[in-house]
>>> print(open('input19.csv').read())   # CSV, C-alpha atoms
chain,number,residue,atom,x,y,z
A,68,PRO,CA,14.6,33.2,4.9
A,69,TRP,CA,11.0,34.3,5.6
A,70,GLY,CA,9.8,30.7,5.3
A,71,VAL,CA,12.4,29.4,7.7
A,72,ALA,CA,11.7,32.2,10.1
A,73,THR,CA,7.9,31.5,9.9
A,74,LEU,CA,8.6,27.8,10.4
A,75,ALA,CA,10.8,28.4,13.4
A,76,ALA,CA,8.2,30.9,14.9
A,77,GLY,CA,5.5,28.3,14.4
A,78,LEU,CA,7.5,25.6,16.2
A,79,ALA,CA,8.4,28.1,19.0
A,80,VAL,CA,4.7,29.0,19.5
A,81,GLU,CA,3.7,25.4,19.6
A,82,ALA,CA,6.4,24.6,22.2
A,83,TYR,CA,5.6,27.6,24.3
A,84,ALA,CA,1.8,26.9,24.2
A,85,GLY,CA,2.4,23.3,25.2
A,86,HIS,CA,4.9,24.2,27.9
A,87,THR,CA,2.9,26.9,29.7
A,88,GLY,CA,0.5,24.4,31.2
A,89,THR,CA,-2.6,26.5,30.5
A,90,PRO,CA,-5.9,24.6,30.6
A,91,SER,CA,-7.2,23.0,27.5
A,92,ASP,CA,-9.1,25.8,25.8
A,93,LEU,CA,-9.3,24.3,22.3
A,94,THR,CA,-11.5,21.3,21.6
A,95,MET,CA,-10.6,19.6,18.3
A,96,PRO,CA,-13.4,18.2,16.2
A,97,SER,CA,-14.4,14.5,16.3
A,98,GLY,CA,-12.7,13.6,19.5
A,99,LEU,CA,-9.1,14.6,18.6
A,100,THR,CA,-6.8,15.6,21.4
A,101,THR,CA,-7.6,18.9,23.1
A,102,GLY,CA,-5.0,21.5,23.8
A,103,PRO,CA,-4.1,25.2,24.0
A,104,ALA,CA,-5.2,27.4,21.1
A,105,GLY,CA,-1.6,28.5,20.7
A,106,VAL,CA,-0.7,25.0,19.5
A,107,LEU,CA,-3.2,25.4,16.6
A,108,LEU,CA,-1.7,28.9,15.8
A,109,GLY,CA,1.8,27.2,15.8
A,110,TRP,CA,0.6,24.6,13.4
A,111,VAL,CA,-0.7,27.2,11.0
A,112,LEU,CA,2.5,29.2,11.2
A,113,THR,CA,4.5,26.0,10.6
A,114,ALA,CA,2.4,25.1,7.6
A,115,VAL,CA,2.8,28.6,6.1
A,116,GLY,CA,6.5,28.5,6.8
A,117,LEU,CA,6.9,25.1,5.0
A,118,ALA,CA,5.0,26.5,2.0
A,119,LEU,CA,7.2,29.7,1.9
A,120,ALA,CA,10.5,27.7,2.4
A,121,GLY,CA,9.7,25.2,-0.3
A,122,PRO,CA,11.1,27.1,-3.2
A,123,GLY,CA,14.3,28.0,-1.4
A,124,LEU,CA,14.8,24.4,-0.2
A,125,THR,CA,14.2,23.1,-3.8
A,126,HIS,CA,16.7,25.6,-5.1
A,127,LEU,CA,19.2,24.4,-2.4
A,128,CYS,CA,18.7,20.8,-3.6
A,129,GLY,CA,19.6,21.8,-7.1
A,130,ARG,CA,22.7,23.8,-5.9
A,131,LEU,CA,23.8,20.8,-3.7
A,132,LEU,CA,23.5,18.4,-6.7
A,133,GLN,CA,25.9,20.6,-8.7
A,134,SER,CA,28.5,21.0,-6.0
A,135,ALA,CA,31.8,19.1,-5.7
A,136,ARG,CA,32.7,18.6,-9.4
A,137,PRO,CA,29.4,17.3,-10.9
A,138,GLY,CA,29.1,15.1,-13.9
A,139,ALA,CA,26.7,15.7,-16.7
A,140,LEU,CA,23.9,13.9,-14.9
A,141,ARG,CA,24.2,15.8,-11.7
A,142,LEU,CA,24.6,19.1,-13.5
A,143,LEU,CA,21.5,18.5,-15.6
A,144,ALA,CA,19.5,17.5,-12.6
A,145,GLY,CA,20.7,20.4,-10.5
A,146,ARG,CA,20.1,23.0,-13.1
A,147,ALA,CA,16.6,21.7,-13.7
A,148,LEU,CA,15.8,21.8,-10.0
A,149,MET,CA,17.1,25.4,-9.7
A,150,ALA,CA,15.0,26.4,-12.7
A,151,GLU,CA,11.8,24.7,-11.4
A,152,ALA,CA,12.2,25.8,-7.8
A,153,ASP,CA,9.5,28.5,-7.9
A,154,ARG,CA,7.1,26.2,-9.7
A,155,ILE,CA,7.3,23.0,-7.7
A,156,GLY,CA,8.7,24.4,-4.4
A,157,ARG,CA,5.5,25.7,-2.9
A,158,PRO,CA,3.3,22.7,-3.6
A,159,LEU,CA,6.2,20.5,-2.3
A,160,GLY,CA,6.2,22.6,0.9
A,161,VAL,CA,2.4,22.2,1.3
A,162,VAL,CA,2.7,18.4,0.8
A,163,CYS,CA,5.4,18.4,3.4
A,164,ALA,CA,3.1,20.3,5.8
A,165,VAL,CA,0.2,18.0,5.2
A,166,ALA,CA,2.3,14.9,5.6
A,167,SER,CA,3.8,16.2,8.8
A,168,ALA,CA,0.4,17.1,10.2
A,169,ALA,CA,-0.9,13.6,9.3
A,170,TYR,CA,2.1,11.9,10.8
A,171,ALA,CA,1.8,14.0,14.0
A,172,LEU,CA,-1.9,13.4,14.4
A,173,ASP,CA,-1.4,9.7,13.7
A,174,GLY,CA,0.9,9.4,16.7
A,175,LEU,CA,-1.5,11.3,19.0
A,176,GLN,CA,-4.9,9.8,18.2
A,177,ASP,CA,-6.4,6.4,17.9
A,178,PRO,CA,-7.7,6.2,14.3
A,179,ALA,CA,-10.9,4.5,15.4
A,180,ALA,CA,-11.9,7.6,17.4
A,181,LEU,CA,-11.9,9.8,14.3
A,182,GLY,CA,-15.3,10.6,12.8
A,183,PRO,CA,-16.1,10.0,9.1
A,184,LEU,CA,-16.2,13.7,8.3
A,185,THR,CA,-12.8,14.3,9.9
A,186,VAL,CA,-11.4,11.4,7.8
A,187,LEU,CA,-13.1,12.8,4.7
A,188,GLY,CA,-11.8,16.3,5.3
A,189,ALA,CA,-8.3,15.0,5.8
A,190,LEU,CA,-8.5,12.9,2.6
A,191,VAL,CA,-9.7,16.0,0.7
A,192,VAL,CA,-6.9,18.2,2.0
A,193,ALA,CA,-4.2,15.5,1.3
A,194,GLY,CA,-5.7,14.8,-2.1
A,195,CYS,CA,-5.7,18.4,-3.1
A,196,ALA,CA,-2.1,18.9,-1.9
A,197,PHE,CA,-0.9,15.9,-3.9
A,198,ALA,CA,-2.9,16.9,-7.0
A,199,THR,CA,-1.4,20.4,-6.9
A,200,LEU,CA,2.1,18.9,-6.7
A,201,LEU,CA,1.4,16.5,-9.5
A,202,THR,CA,0.0,19.4,-11.6
A,203,ALA,CA,3.1,21.5,-10.9
A,204,ALA,CA,5.3,18.5,-11.9
A,205,VAL,CA,3.5,18.1,-15.2
A,206,GLU,CA,3.7,21.8,-15.9
A,207,SER,CA,7.4,21.9,-15.3
A,208,ARG,CA,7.9,18.8,-17.5
A,209,GLN,CA,6.0,20.6,-20.3
A,210,ALA,CA,8.1,23.8,-19.8
A,211,ARG,CA,11.2,21.6,-20.1
A,212,SER,CA,10.0,19.9,-23.3
A,213,ASP,CA,11.9,22.2,-25.7
A,214,THR,CA,15.2,21.6,-23.7
A,215,THR,CA,14.6,17.9,-23.7
A,216,ALA,CA,13.9,17.8,-27.4
A,217,ALA,CA,17.1,19.8,-28.0
A,218,LEU,CA,19.2,17.4,-25.9
A,219,LEU,CA,17.7,14.4,-27.7
A,220,ARG,CA,18.5,16.1,-31.1
A,221,LEU,CA,22.1,16.6,-29.9
A,222,GLY,CA,22.4,12.9,-29.2
A,223,ALA,CA,21.9,12.7,-25.4
A,224,PRO,CA,20.7,9.2,-24.5
A,225,ALA,CA,17.2,9.0,-23.1
A,226,THR,CA,18.6,7.1,-20.1
A,227,VAL,CA,20.5,10.2,-19.1
A,228,LEU,CA,17.3,12.2,-19.1
A,229,ARG,CA,15.4,9.6,-17.1
A,230,GLY,CA,18.4,9.3,-14.7
A,231,ALA,CA,18.3,13.1,-14.2
A,232,ALA,CA,14.6,12.9,-13.3
A,233,VAL,CA,15.2,10.1,-10.8
A,234,LEU,CA,18.1,12.0,-9.3
A,235,ARG,CA,15.9,15.1,-8.9
A,236,ALA,CA,13.2,13.1,-7.2
A,237,GLY,CA,15.7,11.4,-5.0
A,238,ALA,CA,17.3,14.7,-3.9
A,239,LEU,CA,14.0,16.2,-3.1
A,240,LEU,CA,13.0,13.1,-1.1
A,241,ALA,CA,16.3,13.1,0.7
A,242,LEU,CA,15.7,16.7,1.9
A,243,PHE,CA,12.0,16.9,2.4
A,244,GLY,CA,11.5,13.4,3.9
A,245,PRO,CA,13.6,14.0,7.0
A,246,LEU,CA,12.3,17.6,7.3
A,247,THR,CA,8.7,16.3,7.3
A,248,LEU,CA,9.5,13.8,10.0
A,249,LEU,CA,11.4,16.4,12.1
A,250,VAL,CA,8.5,18.9,11.9
A,251,ALA,CA,6.0,16.2,12.7
A,252,ALA,CA,7.9,15.1,15.8
A,253,LEU,CA,8.3,18.7,17.0
A,254,ALA,CA,4.6,19.5,16.2
A,255,ALA,CA,3.3,16.5,18.1
A,256,GLN,CA,5.4,17.2,21.3
A,257,PRO,CA,3.1,19.9,22.9
A,258,LEU,CA,0.0,17.7,22.6
A,259,ALA,CA,1.7,14.5,23.7
A,260,ARG,CA,2.2,15.7,27.3
>>> encode(input="input19.csv", output="structure tokens")
Amino acid sequence: PWGVATLAAGLAVEAYAGHTGTPSDLTMPSGLTTGPAGVLLGWVLTAVGLALAGPGLTHLCGRLLQSARPGALRLLAGRALMAEADRIGRPLGVVCAVASAAYALDGLQDPAALGPLTVLGALVVAGCAFATLLTAAVESRQARSDTTAALLRLGAPATVLRGAAVLRAGALLALFGPLTLLVAALAAQPLAR
């Protein structure tokens, strides 16, 4: 709940700062759009909110996969998501925040106006966020290795385990993809005026 509240507060601060019509008191580096300083504060709160809400949303994905009379594949995928929610949720929330910021800035600014240091900084931030998510995914796979080995010893086909992994990734993409686009659209609105 704290992540969702922080996310909502960040979006509200952005909307209020963009709606008040105050003069542009924040100059972004390398020719990016200028705007009120409250918009930057709103973006920070939104990013923190997505990072805090990531584990809860990942747990929710696992719970939704198991709802309505699940089969073995959905049950296995849902239980794994619920168990890994703390480990992969925060990096997934950070990736969602970075992707939404990139999507929002892409709609606002001509890419040719960006300086080389701004592009380099954006690439470093995005690369670190994705590397952290990849590291968390590898760690969760290693933590599941004993369970996977036990399922294989019991005769579970390897295709079921691969199918559960694809189902987990699809469920996370189905939740975090639209959330990223929604947050990006709401974050870009104050500066688009």
>>> atom_distance(input="input19.csv", atom1="atom CA of A:Trp69", atom2="atom CA of A:Gly160")
13.5 Å
>>> closest_residue(input="input19.csv", among="A:Leu124, A:Val106, A:Val227, A:Ala254", to="A:Leu148", atoms="all atoms listed in the file")
A:Leu124
>>> residues_around(input="input19.csv", residues="A:Ala164", least_positions_apart="3", cutoff="8 Å", atoms="all atoms listed in the file", output="PyMOL selection string")
chain A and resi 113-114+117-118+160-161+167-168+247
>>> atom_distance(input="input19.csv", atom1="atom CA of A:Gly121", atom2="atom CA of A:Pro158")
7.6 Å
>>> atom_distance(input="input19.csv", atom1="atom CA of A:Leu78", atom2="atom CA of A:Leu201")
27.9 Å
>>> closest_residue(input="input19.csv", among="A:Pro257, A:Gly109, A:Gly116, A:Gly145", to="A:Ala231", atoms="only C-alpha atoms")
A:Gly145
>>> closest_residue(input="input19.csv", among="A:Leu239, A:Val165, A:Ala196, A:Glu151", to="A:Gln209", atoms="only C-alpha atoms")
A:Glu151
>>> closest_residue(input="input19.csv", among="A:Ala225, A:Ala171, A:Leu234, A:Val162", to="A:Cys195", atoms="all atoms listed in the file")
A:Val162
>>> closest_residue(input="input19.csv", among="A:Cys163, A:Ala84, A:Val186, A:Leu200", to="A:Leu249", atoms="only C-alpha atoms")
A:Cys163
>>> residues_around(input="input19.csv", residues="A:Ala120", least_positions_apart="5", cutoff="8 Å", atoms="all atoms listed in the file", output="count of residues only")
7
>>> closest_residue(input="input19.csv", among="A:Thr214, A:Ser207, A:Thr226, A:Thr199", to="A:Leu159", atoms="all atoms listed in the file")
A:Thr199
>>> residues_near_point(input="input19.csv", point="(11.9, 28.9, -7.5)", cutoff="8 Å", atoms="only C-alpha atoms", output="number ranges by chain")
A: 122-123, 125-126, 149-156
